[in-house]
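> Okay, so here is run-v3.txt, and as you'll see once you scroll down, it has compact mmCIF, N, CA and C atoms.
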```
# COMPACT_ATOMS: atom_id res chain seq x y z
N MET A 1 -1.79 -10.78 -15.03
CA MET A 1 -1.25 -12.13 -15.09
C MET A 1 -0.59 -12.49 -13.78
N PHE A 2 -0.74 -13.71 -13.40
CA PHE A 2 -0.06 -14.26 -12.24
C PHE A 2 0.96 -15.26 -12.76
N ARG A 3 2.24 -14.91 -12.58
CA ARG A 3 3.31 -15.76 -13.09
C ARG A 3 4.38 -15.91 -12.02
N GLY A 4 5.02 -17.05 -12.02
CA GLY A 4 6.10 -17.31 -11.08
C GLY A 4 5.68 -18.32 -10.03
N PRO A 5 6.62 -18.71 -9.19
CA PRO A 5 6.34 -19.73 -8.18
C PRO A 5 5.18 -19.36 -7.26
N ALA A 6 4.29 -20.30 -7.05
CA ALA A 6 3.10 -20.05 -6.22
C ALA A 6 3.47 -19.61 -4.81
N GLU A 7 4.53 -20.18 -4.23
CA GLU A 7 4.89 -19.80 -2.85
C GLU A 7 5.35 -18.35 -2.78
N ASP A 8 6.01 -17.84 -3.82
CA ASP A 8 6.41 -16.43 -3.84
C ASP A 8 5.19 -15.54 -4.03
N ARG A 9 4.29 -15.93 -4.91
CA ARG A 9 3.08 -15.13 -5.11
C ARG A 9 2.23 -15.09 -3.85
N GLN A 10 2.17 -16.21 -3.13
CA GLN A 10 1.44 -16.25 -1.85
C GLN A 10 2.10 -15.33 -0.83
N ALA A 11 3.42 -15.34 -0.78
CA ALA A 11 4.14 -14.48 0.17
C ALA A 11 3.90 -13.00 -0.16
N ILE A 12 3.82 -12.66 -1.43
CA ILE A 12 3.54 -11.27 -1.82
C ILE A 12 2.11 -10.90 -1.47
N ALA A 13 1.17 -11.82 -1.69
CA ALA A 13 -0.22 -11.56 -1.27
C ALA A 13 -0.29 -11.34 0.24
N GLU A 14 0.45 -12.13 1.00
CA GLU A 14 0.47 -11.97 2.45
C GLU A 14 1.15 -10.66 2.86
N LEU A 15 2.14 -10.21 2.10
CA LEU A 15 2.78 -8.92 2.36
C LEU A 15 1.74 -7.80 2.25
N ASN A 16 0.86 -7.91 1.26
CA ASN A 16 -0.22 -6.93 1.13
C ASN A 16 -1.18 -7.02 2.31
N GLY A 17 -1.39 -8.21 2.83
CA GLY A 17 -2.22 -8.37 4.01
C GLY A 17 -1.59 -7.69 5.22
N THR A 18 -0.29 -7.79 5.37
CA THR A 18 0.41 -7.12 6.46
C THR A 18 0.29 -5.61 6.32
N TYR A 19 0.43 -5.13 5.09
CA TYR A 19 0.26 -3.69 4.80
C TYR A 19 -1.13 -3.23 5.24
N ALA A 20 -2.17 -3.98 4.83
CA ALA A 20 -3.55 -3.62 5.17
C ALA A 20 -3.78 -3.68 6.67
N ASP A 21 -3.22 -4.69 7.33
CA ASP A 21 -3.37 -4.81 8.78
C ASP A 21 -2.76 -3.60 9.48
N GLY A 22 -1.61 -3.16 9.01
CA GLY A 22 -0.98 -1.98 9.58
C GLY A 22 -1.82 -0.73 9.40
N VAL A 23 -2.45 -0.60 8.24
CA VAL A 23 -3.31 0.55 7.97
C VAL A 23 -4.52 0.54 8.91
N VAL A 24 -5.23 -0.57 8.97
CA VAL A 24 -6.46 -0.64 9.77
C VAL A 24 -6.17 -0.39 11.25
N ARG A 25 -5.04 -0.92 11.73
CA ARG A 25 -4.70 -0.73 13.13
C ARG A 25 -3.89 0.55 13.37
N LYS A 26 -3.58 1.27 12.27
CA LYS A 26 -2.76 2.48 12.34
C LYS A 26 -1.45 2.20 13.07
N SER A 27 -0.84 1.07 12.73
CA SER A 27 0.39 0.61 13.38
C SER A 27 1.58 0.82 12.44
N ALA A 28 2.37 1.83 12.74
CA ALA A 28 3.58 2.09 11.94
C ALA A 28 4.57 0.93 12.09
N ALA A 29 4.59 0.30 13.27
CA ALA A 29 5.50 -0.83 13.48
C ALA A 29 5.19 -1.97 12.52
N THR A 30 3.91 -2.27 12.31
CA THR A 30 3.51 -3.32 11.37
C THR A 30 3.68 -2.84 9.94
N TRP A 31 3.13 -1.67 9.64
CA TRP A 31 3.13 -1.14 8.28
C TRP A 31 4.54 -0.98 7.75
N GLY A 32 5.45 -0.55 8.60
CA GLY A 32 6.82 -0.30 8.17
C GLY A 32 7.60 -1.54 7.79
N THR A 33 7.16 -2.72 8.23
CA THR A 33 7.90 -3.95 7.94
C THR A 33 7.86 -4.36 6.47
N VAL A 34 6.96 -3.79 5.71
CA VAL A 34 6.78 -4.23 4.31
C VAL A 34 7.74 -3.55 3.34
N TRP A 35 8.51 -2.57 3.82
CA TRP A 35 9.36 -1.75 2.95
C TRP A 35 10.82 -2.15 3.03
N ALA A 36 11.49 -2.12 1.89
CA ALA A 36 12.95 -2.24 1.86
C ALA A 36 13.55 -0.96 2.43
N GLU A 37 14.75 -1.05 2.99
CA GLU A 37 15.39 0.14 3.58
C GLU A 37 15.54 1.27 2.58
N ASN A 38 15.83 0.94 1.32
CA ASN A 38 16.05 1.96 0.28
C ASN A 38 14.85 2.12 -0.65
N ALA A 39 13.67 1.75 -0.18
CA ALA A 39 12.45 1.80 -0.99
C ALA A 39 12.10 3.24 -1.37
N THR A 40 11.27 3.35 -2.40
CA THR A 40 10.68 4.63 -2.78
C THR A 40 9.17 4.46 -2.85
N TRP A 41 8.45 5.54 -2.55
CA TRP A 41 6.99 5.53 -2.60
C TRP A 41 6.54 6.77 -3.34
N ASP A 42 5.88 6.55 -4.47
CA ASP A 42 5.29 7.62 -5.27
C ASP A 42 3.83 7.73 -4.85
N PHE A 43 3.54 8.72 -4.04
CA PHE A 43 2.21 8.91 -3.50
C PHE A 43 1.64 10.18 -4.11
N PHE A 44 0.79 10.02 -5.12
CA PHE A 44 0.20 11.15 -5.85
C PHE A 44 1.26 12.06 -6.45
N GLY A 45 2.34 11.48 -6.96
CA GLY A 45 3.39 12.28 -7.58
C GLY A 45 4.41 12.83 -6.61
N ASN A 46 4.21 12.62 -5.31
CA ASN A 46 5.21 13.01 -4.31
C ASN A 46 6.07 11.79 -4.02
N LEU A 47 7.38 11.93 -4.23
CA LEU A 47 8.27 10.78 -4.07
C LEU A 47 8.95 10.83 -2.71
N PHE A 48 8.78 9.76 -1.95
CA PHE A 48 9.43 9.61 -0.66
C PHE A 48 10.50 8.54 -0.82
N GLU A 49 11.71 8.84 -0.36
CA GLU A 49 12.84 7.94 -0.57
C GLU A 49 13.38 7.44 0.76
N GLY A 50 13.46 6.13 0.90
CA GLY A 50 13.97 5.49 2.10
C GLY A 50 12.85 5.15 3.07
N LYS A 51 13.01 4.01 3.72
CA LYS A 51 11.98 3.50 4.64
C LYS A 51 11.64 4.51 5.73
N ALA A 52 12.63 5.16 6.31
CA ALA A 52 12.36 6.11 7.39
C ALA A 52 11.50 7.27 6.91
N ALA A 53 11.78 7.80 5.73
CA ALA A 53 10.99 8.91 5.19
C ALA A 53 9.58 8.46 4.84
N ILE A 54 9.45 7.26 4.30
CA ILE A 54 8.14 6.73 3.93
C ILE A 54 7.27 6.55 5.18
N VAL A 55 7.82 5.91 6.20
CA VAL A 55 7.05 5.66 7.42
C VAL A 55 6.74 6.98 8.13
N GLY A 56 7.69 7.90 8.14
CA GLY A 56 7.46 9.21 8.76
C GLY A 56 6.31 9.96 8.11
N PHE A 57 6.28 9.97 6.77
CA PHE A 57 5.18 10.63 6.07
C PHE A 57 3.86 9.93 6.37
N TRP A 58 3.86 8.61 6.34
CA TRP A 58 2.64 7.84 6.60
C TRP A 58 2.08 8.14 7.98
N GLU A 59 2.95 8.20 9.00
CA GLU A 59 2.49 8.50 10.35
C GLU A 59 1.83 9.88 10.40
N GLN A 60 2.41 10.83 9.70
CA GLN A 60 1.83 12.18 9.64
C GLN A 60 0.47 12.14 8.96
N ALA A 61 0.38 11.44 7.83
CA ALA A 61 -0.88 11.36 7.09
C ALA A 61 -1.96 10.66 7.91
N MET A 62 -1.59 9.61 8.62
CA MET A 62 -2.55 8.86 9.42
C MET A 62 -3.02 9.63 10.64
N SER A 63 -2.29 10.65 11.05
CA SER A 63 -2.66 11.40 12.25
C SER A 63 -3.99 12.14 12.09
N GLY A 64 -4.43 12.37 10.86
CA GLY A 64 -5.69 13.04 10.61
C GLY A 64 -6.87 12.09 10.44
N ILE A 65 -6.62 10.81 10.60
CA ILE A 65 -7.65 9.79 10.38
C ILE A 65 -8.06 9.17 11.71
N GLU A 66 -9.37 9.19 11.97
CA GLU A 66 -9.92 8.58 13.19
C GLU A 66 -9.95 7.06 13.05
N ALA A 67 -10.45 6.58 11.91
CA ALA A 67 -10.55 5.14 11.66
C ALA A 67 -10.54 4.90 10.16
N VAL A 68 -10.08 3.72 9.78
CA VAL A 68 -10.03 3.38 8.36
C VAL A 68 -10.31 1.89 8.18
N SER A 69 -11.11 1.61 7.16
CA SER A 69 -11.29 0.24 6.69
C SER A 69 -10.53 0.15 5.38
N PHE A 70 -9.63 -0.80 5.27
CA PHE A 70 -8.74 -0.88 4.11
C PHE A 70 -8.71 -2.31 3.60
N HIS A 71 -9.10 -2.48 2.36
CA HIS A 71 -9.08 -3.79 1.71
C HIS A 71 -8.20 -3.68 0.48
N CYS A 72 -7.40 -4.71 0.24
CA CYS A 72 -6.58 -4.71 -0.98
C CYS A 72 -6.60 -6.09 -1.62
N VAL A 73 -6.58 -6.07 -2.94
CA VAL A 73 -6.65 -7.31 -3.71
C VAL A 73 -5.58 -7.27 -4.79
N PRO A 74 -4.58 -8.14 -4.70
CA PRO A 74 -3.62 -8.22 -5.80
C PRO A 74 -4.34 -8.68 -7.07
N CYS A 75 -4.18 -7.90 -8.13
CA CYS A 75 -4.82 -8.28 -9.40
C CYS A 75 -3.79 -8.73 -10.42
N MET A 76 -2.50 -8.63 -10.08
CA MET A 76 -1.42 -9.12 -10.92
C MET A 76 -0.18 -9.26 -10.06
N ILE A 77 0.46 -10.40 -10.12
CA ILE A 77 1.76 -10.61 -9.47
C ILE A 77 2.60 -11.41 -10.46
N GLU A 78 3.75 -10.87 -10.80
CA GLU A 78 4.65 -11.56 -11.72
C GLU A 78 6.03 -11.63 -11.07
N VAL A 79 6.46 -12.85 -10.76
CA VAL A 79 7.73 -13.08 -10.08
C VAL A 79 8.77 -13.56 -11.08
N THR A 80 9.95 -12.95 -11.01
CA THR A 80 11.09 -13.36 -11.83
C THR A 80 12.29 -13.46 -10.89
N GLY A 81 12.58 -14.66 -10.44
CA GLY A 81 13.69 -14.83 -9.51
C GLY A 81 13.41 -14.15 -8.18
N ASP A 82 14.30 -13.24 -7.80
CA ASP A 82 14.16 -12.53 -6.53
C ASP A 82 13.58 -11.13 -6.70
N THR A 83 12.94 -10.87 -7.83
CA THR A 83 12.23 -9.60 -8.03
C THR A 83 10.83 -9.91 -8.54
N ALA A 84 9.95 -8.93 -8.37
CA ALA A 84 8.57 -9.12 -8.82
C ALA A 84 7.94 -7.76 -9.10
N THR A 85 6.87 -7.79 -9.86
CA THR A 85 6.01 -6.63 -10.06
C THR A 85 4.59 -7.06 -9.70
N SER A 86 3.79 -6.08 -9.29
CA SER A 86 2.39 -6.39 -9.00
C SER A 86 1.54 -5.15 -9.16
N ARG A 87 0.25 -5.39 -9.30
CA ARG A 87 -0.76 -4.33 -9.23
C ARG A 87 -1.76 -4.76 -8.18
N VAL A 88 -2.14 -3.80 -7.32
CA VAL A 88 -3.02 -4.11 -6.21
C VAL A 88 -4.14 -3.07 -6.17
N GLN A 89 -5.38 -3.56 -6.25
CA GLN A 89 -6.54 -2.67 -6.14
C GLN A 89 -6.90 -2.49 -4.67
N THR A 90 -7.31 -1.28 -4.31
CA THR A 90 -7.69 -1.01 -2.93
C THR A 90 -9.07 -0.39 -2.84
N GLN A 91 -9.71 -0.63 -1.71
CA GLN A 91 -10.96 0.03 -1.33
C GLN A 91 -10.77 0.52 0.09
N GLU A 92 -10.98 1.82 0.31
CA GLU A 92 -10.79 2.40 1.63
C GLU A 92 -12.02 3.22 2.03
N ILE A 93 -12.38 3.09 3.27
CA ILE A 93 -13.37 3.99 3.87
C ILE A 93 -12.63 4.69 5.00
N LEU A 94 -12.50 6.00 4.88
CA LEU A 94 -11.75 6.77 5.86
C LEU A 94 -12.67 7.69 6.63
N HIS A 95 -12.65 7.55 7.94
CA HIS A 95 -13.39 8.46 8.81
C HIS A 95 -12.35 9.42 9.38
N MET A 96 -12.41 10.66 8.91
CA MET A 96 -11.41 11.66 9.27
C MET A 96 -11.72 12.25 10.65
N LYS A 97 -10.69 12.77 11.30
CA LYS A 97 -10.87 13.37 12.62
C LYS A 97 -11.74 14.61 12.57
N ASP A 98 -11.86 15.24 11.39
CA ASP A 98 -12.73 16.41 11.25
C ASP A 98 -14.19 16.02 11.03
N GLY A 99 -14.49 14.71 11.08
CA GLY A 99 -15.86 14.23 10.94
C GLY A 99 -16.25 13.85 9.52
N LYS A 100 -15.45 14.19 8.54
CA LYS A 100 -15.77 13.85 7.15
C LYS A 100 -15.44 12.40 6.86
N THR A 101 -16.11 11.87 5.84
CA THR A 101 -15.86 10.50 5.39
C THR A 101 -15.43 10.53 3.93
N ARG A 102 -14.47 9.69 3.61
CA ARG A 102 -14.02 9.52 2.22
C ARG A 102 -14.10 8.04 1.88
N VAL A 103 -14.54 7.74 0.67
CA VAL A 103 -14.53 6.38 0.15
C VAL A 103 -13.65 6.41 -1.09
N VAL A 104 -12.57 5.63 -1.06
CA VAL A 104 -11.55 5.73 -2.10
C VAL A 104 -11.28 4.35 -2.69
N GLY A 105 -11.26 4.28 -4.01
CA GLY A 105 -10.77 3.11 -4.72
C GLY A 105 -9.45 3.48 -5.37
N GLY A 106 -8.42 2.71 -5.11
CA GLY A 106 -7.11 3.07 -5.61
C GLY A 106 -6.40 1.92 -6.29
N LEU A 107 -5.23 2.23 -6.82
CA LEU A 107 -4.40 1.23 -7.49
C LEU A 107 -2.95 1.46 -7.13
N TYR A 108 -2.30 0.42 -6.64
CA TYR A 108 -0.85 0.42 -6.43
C TYR A 108 -0.20 -0.30 -7.60
N GLU A 109 0.91 0.26 -8.06
CA GLU A 109 1.77 -0.41 -9.03
C GLU A 109 3.10 -0.60 -8.32
N ASP A 110 3.52 -1.86 -8.19
CA ASP A 110 4.61 -2.20 -7.28
C ASP A 110 5.79 -2.86 -7.96
N GLU A 111 6.95 -2.64 -7.32
CA GLU A 111 8.15 -3.41 -7.59
C GLU A 111 8.58 -3.98 -6.25
N LEU A 112 8.99 -5.24 -6.25
CA LEU A 112 9.35 -5.92 -5.01
C LEU A 112 10.66 -6.66 -5.19
N ALA A 113 11.28 -6.98 -4.05
CA ALA A 113 12.48 -7.80 -4.05
C ALA A 113 12.42 -8.77 -2.87
N LYS A 114 13.03 -9.91 -3.07
CA LYS A 114 13.17 -10.89 -2.00
C LYS A 114 14.54 -10.66 -1.37
N ILE A 115 14.53 -10.13 -0.14
CA ILE A 115 15.76 -9.78 0.56
C ILE A 115 15.84 -10.63 1.82
N ASP A 116 16.95 -11.34 1.97
CA ASP A 116 17.13 -12.23 3.13
C ASP A 116 15.94 -13.17 3.30
N GLY A 117 15.41 -13.65 2.18
CA GLY A 117 14.33 -14.63 2.20
C GLY A 117 12.93 -14.08 2.36
N ALA A 118 12.79 -12.74 2.46
CA ALA A 118 11.47 -12.14 2.67
C ALA A 118 11.18 -11.11 1.58
N TRP A 119 9.95 -11.12 1.09
CA TRP A 119 9.53 -10.14 0.08
C TRP A 119 9.24 -8.80 0.74
N VAL A 120 9.70 -7.72 0.08
CA VAL A 120 9.44 -6.35 0.53
C VAL A 120 9.20 -5.48 -0.70
N PHE A 121 8.52 -4.36 -0.48
CA PHE A 121 8.32 -3.40 -1.55
C PHE A 121 9.59 -2.57 -1.72
N THR A 122 10.03 -2.44 -2.97
CA THR A 122 11.16 -1.56 -3.26
C THR A 122 10.66 -0.26 -3.89
N HIS A 123 9.49 -0.32 -4.50
CA HIS A 123 8.85 0.88 -5.06
C HIS A 123 7.35 0.64 -5.12
N ARG A 124 6.57 1.63 -4.65
CA ARG A 124 5.11 1.59 -4.79
C ARG A 124 4.67 2.92 -5.39
N LYS A 125 3.76 2.84 -6.32
CA LYS A 125 3.15 4.03 -6.89
C LYS A 125 1.65 3.91 -6.63
N PHE A 126 1.06 4.95 -6.00
CA PHE A 126 -0.36 4.91 -5.67
C PHE A 126 -1.10 6.01 -6.39
N GLY A 127 -2.27 5.66 -6.90
CA GLY A 127 -3.17 6.64 -7.49
C GLY A 127 -4.61 6.27 -7.20
N ILE A 128 -5.45 7.29 -7.14
CA ILE A 128 -6.89 7.07 -6.92
C ILE A 128 -7.56 6.77 -8.26
N VAL A 129 -8.37 5.73 -8.28
CA VAL A 129 -9.15 5.37 -9.46
C VAL A 129 -10.52 6.04 -9.39
N ALA A 130 -11.13 6.01 -8.20
CA ALA A 130 -12.45 6.63 -8.00
C ALA A 130 -12.57 7.03 -6.54
N GLU A 131 -13.33 8.13 -6.31
CA GLU A 131 -13.50 8.60 -4.94
C GLU A 131 -14.91 9.14 -4.77
N TYR A 132 -15.45 8.91 -3.58
CA TYR A 132 -16.79 9.41 -3.25
C TYR A 132 -16.70 10.05 -1.87
N ASN A 133 -17.18 11.28 -1.78
CA ASN A 133 -17.24 12.00 -0.52
C ASN A 133 -18.71 12.26 -0.21
N PRO A 134 -19.33 11.44 0.65
CA PRO A 134 -20.76 11.55 0.91
C PRO A 134 -21.24 12.95 1.31
N GLN A 135 -20.43 13.68 2.07
CA GLN A 135 -20.84 15.00 2.52
C GLN A 135 -20.89 16.01 1.38
N GLU A 136 -20.30 15.67 0.23
CA GLU A 136 -20.32 16.57 -0.92
C GLU A 136 -21.46 16.25 -1.89
N GLY A 137 -22.25 15.23 -1.56
CA GLY A 137 -23.41 14.89 -2.38
C GLY A 137 -23.05 14.04 -3.49
```
Now, as a test, write the supplied structure out as C-alpha cells.

Amino acid sequence: MFRGPAEDRQAIAELNGTYADGVVRKSAATWGTVWAENATWDFFGNLFEGKAAIVGFWEQAMSGIEAVSFHCVPCMIEVTGDTATSRVQTQEILHMKDGKTRVVGGLYEDELAKIDGAWVFTHRKFGIVAEYNPQEG
C-alpha cells in the first residue's frame, strides 16, 4: 500500500534512487547520505549499528566488487507524520573481482524518519529472495 502525502512518498522514492546511485558508482559519500546517524542495518541477520559502522561495513563489502548494476523499486511506502515504513524490491548484477558473476533479487524492509526536513533510513533489513550464479549452472 502507498499511503501518506505524495510529496513524502516521492522523497522516499528519491532516497532509494540516491541509495542505488551510490551503489552503482561505489560511492560511500553518496550512499552514506541516506542513513540516520543512529540507524541500524540488518544485513542477512548481521546487525550494524550507527551510520559509521554501516558505511564502514559497506565499503569493505564493496571492495570485492568490480562493477554492479543495481535497480530498486519501492513496492510499499506508508507515511505517518515524520515516520514511514517501506518495502523495496531490488535486482542486482554483481561482477566480482574474482571474475564470478552473481544475479540477486532482494527485498528491503525499511523504517524511515524525516529529520531536519529530509527522509533517512533509521532501520533497513535486507534479504535475498532469489539468486542465480551463472558459473554454477
> Could you tell me, as a PyMOL selection string, which residues of chain A DSSP assigns to alpha helix (DSSP H) when given the backbone?
chain A and resi 6-25+28-31+51-62
> Find, counting all atoms listed in the file, the residue in A:Ala113, A:Ala39, A:Ile128, A:Val24 that gets nearest to Gly81 of chain A.
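Ranked by minimum distance to Gly81 of chain A, first place goes to A:Ala113.
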> Determine the nearest neighbour of Glu111 of chain A from the options A:Ala84, A:Val129, A:Ala6, A:Ile93, counting all atoms listed in the file.
A:Ala84
> Skip Lys125 of chain A itself and residues of its chain fewer than 3 positions away, then list as a ChimeraX atom specification all residues within 12 Å of it, counting only C-alpha atoms.
/A:39-48,85-89,106-112,121-122,128
> Dump N, CA and C atoms for the selected residues as an mmCIF file, in the frame of the given file?

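Below you can see result_16.cif, which holds the result:
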```
data_model
loop_
_atom_site.group_PDB
_atom_site.id
_atom_site.type_symbol
_atom_site.label_atom_id
_atom_site.label_comp_id
_atom_site.auth_asym_id
_atom_site.auth_seq_id
_atom_site.Cartn_x
_atom_site.Cartn_y
_atom_site.Cartn_z
ATOM 1 N N ALA A 39 13.670 1.750 -0.180
ATOM 2 C CA ALA A 39 12.450 1.800 -0.990
ATOM 3 C C ALA A 39 12.100 3.240 -1.370
ATOM 4 N N THR A 40 11.270 3.350 -2.400
ATOM 5 C CA THR A 40 10.680 4.630 -2.780
ATOM 6 C C THR A 40 9.170 4.460 -2.850
ATOM 7 N N TRP A 41 8.450 5.540 -2.550
ATOM 8 C CA TRP A 41 6.990 5.530 -2.600
ATOM 9 C C TRP A 41 6.540 6.770 -3.340
ATOM 10 N N ASP A 42 5.880 6.550 -4.470
ATOM 11 C CA ASP A 42 5.290 7.620 -5.270
ATOM 12 C C ASP A 42 3.830 7.730 -4.850
ATOM 13 N N PHE A 43 3.540 8.720 -4.040
ATOM 14 C CA PHE A 43 2.210 8.910 -3.500
ATOM 15 C C PHE A 43 1.640 10.180 -4.110
ATOM 16 N N PHE A 44 0.790 10.020 -5.120
ATOM 17 C CA PHE A 44 0.200 11.150 -5.850
ATOM 18 C C PHE A 44 1.260 12.060 -6.450
ATOM 19 N N GLY A 45 2.340 11.480 -6.960
ATOM 20 C CA GLY A 45 3.390 12.280 -7.580
ATOM 21 C C GLY A 45 4.410 12.830 -6.610
ATOM 22 N N ASN A 46 4.210 12.620 -5.310
ATOM 23 C CA ASN A 46 5.210 13.010 -4.310
ATOM 24 C C ASN A 46 6.070 11.790 -4.020
ATOM 25 N N LEU A 47 7.380 11.930 -4.230
ATOM 26 C CA LEU A 47 8.270 10.780 -4.070
ATOM 27 C C LEU A 47 8.950 10.830 -2.710
ATOM 28 N N PHE A 48 8.780 9.760 -1.950
ATOM 29 C CA PHE A 48 9.430 9.610 -0.660
ATOM 30 C C PHE A 48 10.500 8.540 -0.820
ATOM 31 N N THR A 85 6.870 -7.790 -9.860
ATOM 32 C CA THR A 85 6.010 -6.630 -10.060
ATOM 33 C C THR A 85 4.590 -7.060 -9.700
ATOM 34 N N SER A 86 3.790 -6.080 -9.290
ATOM 35 C CA SER A 86 2.390 -6.390 -9.000
ATOM 36 C C SER A 86 1.540 -5.150 -9.160
ATOM 37 N N ARG A 87 0.250 -5.390 -9.300
ATOM 38 C CA ARG A 87 -0.760 -4.330 -9.230
ATOM 39 C C ARG A 87 -1.760 -4.760 -8.180
ATOM 40 N N VAL A 88 -2.140 -3.800 -7.320
ATOM 41 C CA VAL A 88 -3.020 -4.110 -6.210
ATOM 42 C C VAL A 88 -4.140 -3.070 -6.170
ATOM 43 N N GLN A 89 -5.380 -3.560 -6.250
ATOM 44 C CA GLN A 89 -6.540 -2.670 -6.140
ATOM 45 C C GLN A 89 -6.900 -2.490 -4.670
ATOM 46 N N GLY A 106 -8.420 2.710 -5.110
ATOM 47 C CA GLY A 106 -7.110 3.070 -5.610
ATOM 48 C C GLY A 106 -6.400 1.920 -6.290
ATOM 49 N N LEU A 107 -5.230 2.230 -6.820
ATOM 50 C CA LEU A 107 -4.400 1.230 -7.490
ATOM 51 C C LEU A 107 -2.950 1.460 -7.130
ATOM 52 N N TYR A 108 -2.300 0.420 -6.640
ATOM 53 C CA TYR A 108 -0.850 0.420 -6.430
ATOM 54 C C TYR A 108 -0.200 -0.300 -7.600
ATOM 55 N N GLU A 109 0.910 0.260 -8.060
ATOM 56 C CA GLU A 109 1.770 -0.410 -9.030
ATOM 57 C C GLU A 109 3.100 -0.600 -8.320
ATOM 58 N N ASP A 110 3.520 -1.860 -8.190
ATOM 59 C CA ASP A 110 4.610 -2.200 -7.280
ATOM 60 C C ASP A 110 5.790 -2.860 -7.960
ATOM 61 N N GLU A 111 6.950 -2.640 -7.320
ATOM 62 C CA GLU A 111 8.150 -3.410 -7.590
ATOM 63 C C GLU A 111 8.580 -3.980 -6.250
ATOM 64 N N LEU A 112 8.990 -5.240 -6.250
ATOM 65 C CA LEU A 112 9.350 -5.920 -5.010
ATOM 66 C C LEU A 112 10.660 -6.660 -5.190
ATOM 67 N N PHE A 121 8.520 -4.360 -0.480
ATOM 68 C CA PHE A 121 8.320 -3.400 -1.550
ATOM 69 C C PHE A 121 9.590 -2.570 -1.720
ATOM 70 N N THR A 122 10.030 -2.440 -2.970
ATOM 71 C CA THR A 122 11.160 -1.560 -3.260
ATOM 72 C C THR A 122 10.660 -0.260 -3.890
ATOM 73 N N ILE A 128 -5.450 7.290 -7.140
ATOM 74 C CA ILE A 128 -6.890 7.070 -6.920
ATOM 75 C C ILE A 128 -7.560 6.770 -8.260
#
```
> Counting only N, CA and C atoms, find residues at most 6.5 Å from (-9.2, 0.5, 3.4) (file frame) and give them as a PyMOL selection string.
chain A and resi 68-72+90-93
> Which one of A:Ala36, A:Ile115, A:Ala29, A:Val79 sits closest to Pro5 of chain A if you count only N, CA and C atoms?
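Going through A:Ala36, A:Ile115, A:Ala29, A:Val79 one by one, the smallest distance to Pro5 of chain A is for A:Val79.
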> With distances taken over only C-alpha atoms, which residue among A:Gly22, A:Gly32, A:Gly99, A:Gly127 lies nearest Gly50 of chain A?
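Counting only C-alpha atoms, the residue closest to Gly50 of chain A is A:Gly32.
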> Which of these, A:Ala28, A:Val104, A:Ala118, A:Ala20, has the shortest distance to Glu59 of chain A once you count all atoms listed in the file?
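Closest candidate: A:Ala28.
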> Around the point (6.5, -4.1, 8.9), in the coordinates given by the file, pick out the residues reaching within 12 Å, counting only C-alpha atoms, and return them as number ranges by chain.
A: 14-23, 26-37, 51-52, 55, 118-121
> Between A:Asn133, A:Gln60, A:Thr80, A:Asn38, which has the minimum distance to Arg3 of chain A (counting all atoms listed in the file)?
A:Thr80
> Expressed in Å to a single decimal, how great is the separation between atom CA of Glu78 of chain A and atom CA of Asp116 of chain A?
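Atom CA of Asp116 of chain A lies 19.4 Å from atom CA of Glu78 of chain A.
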> Mind working out the centre and edge lengths of an axis-aligned box for segment 50-57 of chain A, all listed atoms inside, 8 Å added to each side, rounded to one decimal in Å and written as lines of an AutoDock Vina configuration file?

```
center_x = 8.9
center_y = 7.1
center_z = 4.8
size_x = 26.1
size_y = 23.1
size_z = 23.9
```
> DSSP on the backbone, then: every residue of chain A marked strand (DSSP E or B), written as a PyMOL selection string.
chain A and resi 2-3+35-43+46-49+65-80+83-96+101-115+118-132
> Measure the distance from atom C of Gly64 of chain A to atom C of Leu94 of chain A in Å and round it to one decimal.
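A separation of 8.2 Å between them.
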> Could you tell me how far atom CA of Ala67 of chain A sits from atom CA of Arg25 of chain A, in Å to one decimal place?
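Separation of atom CA of Arg25 of chain A and atom CA of Ala67 of chain A: 8.4 Å.
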> N, CA, C and O atoms for segment 73-80 of chain A, written as a PDB file, in the coordinates of the input, could you do that?

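The new file part-v9.pdb reads:
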```pdb
ATOM      1  N   VAL A  73      -6.580  -6.070  -2.940  1.00  0.00           N
ATOM      2  CA  VAL A  73      -6.650  -7.310  -3.710  1.00  0.00           C
ATOM      3  C   VAL A  73      -5.580  -7.270  -4.790  1.00  0.00           C
ATOM      4  O   VAL A  73      -5.647  -6.431  -5.707  1.00  0.00           O
ATOM      5  N   PRO A  74      -4.580  -8.140  -4.700  1.00  0.00           N
ATOM      6  CA  PRO A  74      -3.620  -8.220  -5.800  1.00  0.00           C
ATOM      7  C   PRO A  74      -4.340  -8.680  -7.070  1.00  0.00           C
ATOM      8  O   PRO A  74      -5.055  -9.682  -7.061  1.00  0.00           O
ATOM      9  N   CYS A  75      -4.180  -7.900  -8.130  1.00  0.00           N
ATOM     10  CA  CYS A  75      -4.820  -8.280  -9.400  1.00  0.00           C
ATOM     11  C   CYS A  75      -3.790  -8.730 -10.420  1.00  0.00           C
ATOM     12  O   CYS A  75      -4.151  -9.163 -11.510  1.00  0.00           O
ATOM     13  N   MET A  76      -2.500  -8.630 -10.080  1.00  0.00           N
ATOM     14  CA  MET A  76      -1.420  -9.120 -10.920  1.00  0.00           C
ATOM     15  C   MET A  76      -0.180  -9.260 -10.060  1.00  0.00           C
ATOM     16  O   MET A  76       0.154  -8.341  -9.310  1.00  0.00           O
ATOM     17  N   ILE A  77       0.460 -10.400 -10.120  1.00  0.00           N
ATOM     18  CA  ILE A  77       1.760 -10.610  -9.470  1.00  0.00           C
ATOM     19  C   ILE A  77       2.600 -11.410 -10.460  1.00  0.00           C
ATOM     20  O   ILE A  77       2.193 -12.496 -10.895  1.00  0.00           O
ATOM     21  N   GLU A  78       3.750 -10.870 -10.800  1.00  0.00           N
ATOM     22  CA  GLU A  78       4.650 -11.560 -11.720  1.00  0.00           C
ATOM     23  C   GLU A  78       6.030 -11.630 -11.070  1.00  0.00           C
ATOM     24  O   GLU A  78       6.667 -10.600 -10.824  1.00  0.00           O
ATOM     25  N   VAL A  79       6.460 -12.850 -10.760  1.00  0.00           N
ATOM     26  CA  VAL A  79       7.730 -13.080 -10.080  1.00  0.00           C
ATOM     27  C   VAL A  79       8.770 -13.560 -11.080  1.00  0.00           C
ATOM     28  O   VAL A  79       8.506 -14.468 -11.870  1.00  0.00           O
ATOM     29  N   THR A  80       9.950 -12.950 -11.010  1.00  0.00           N
ATOM     30  CA  THR A  80      11.090 -13.360 -11.830  1.00  0.00           C
ATOM     31  C   THR A  80      12.290 -13.460 -10.890  1.00  0.00           C
ATOM     32  O   THR A  80      12.896 -12.432 -10.549  1.00  0.00           O
TER      33      THR A  80
END
```
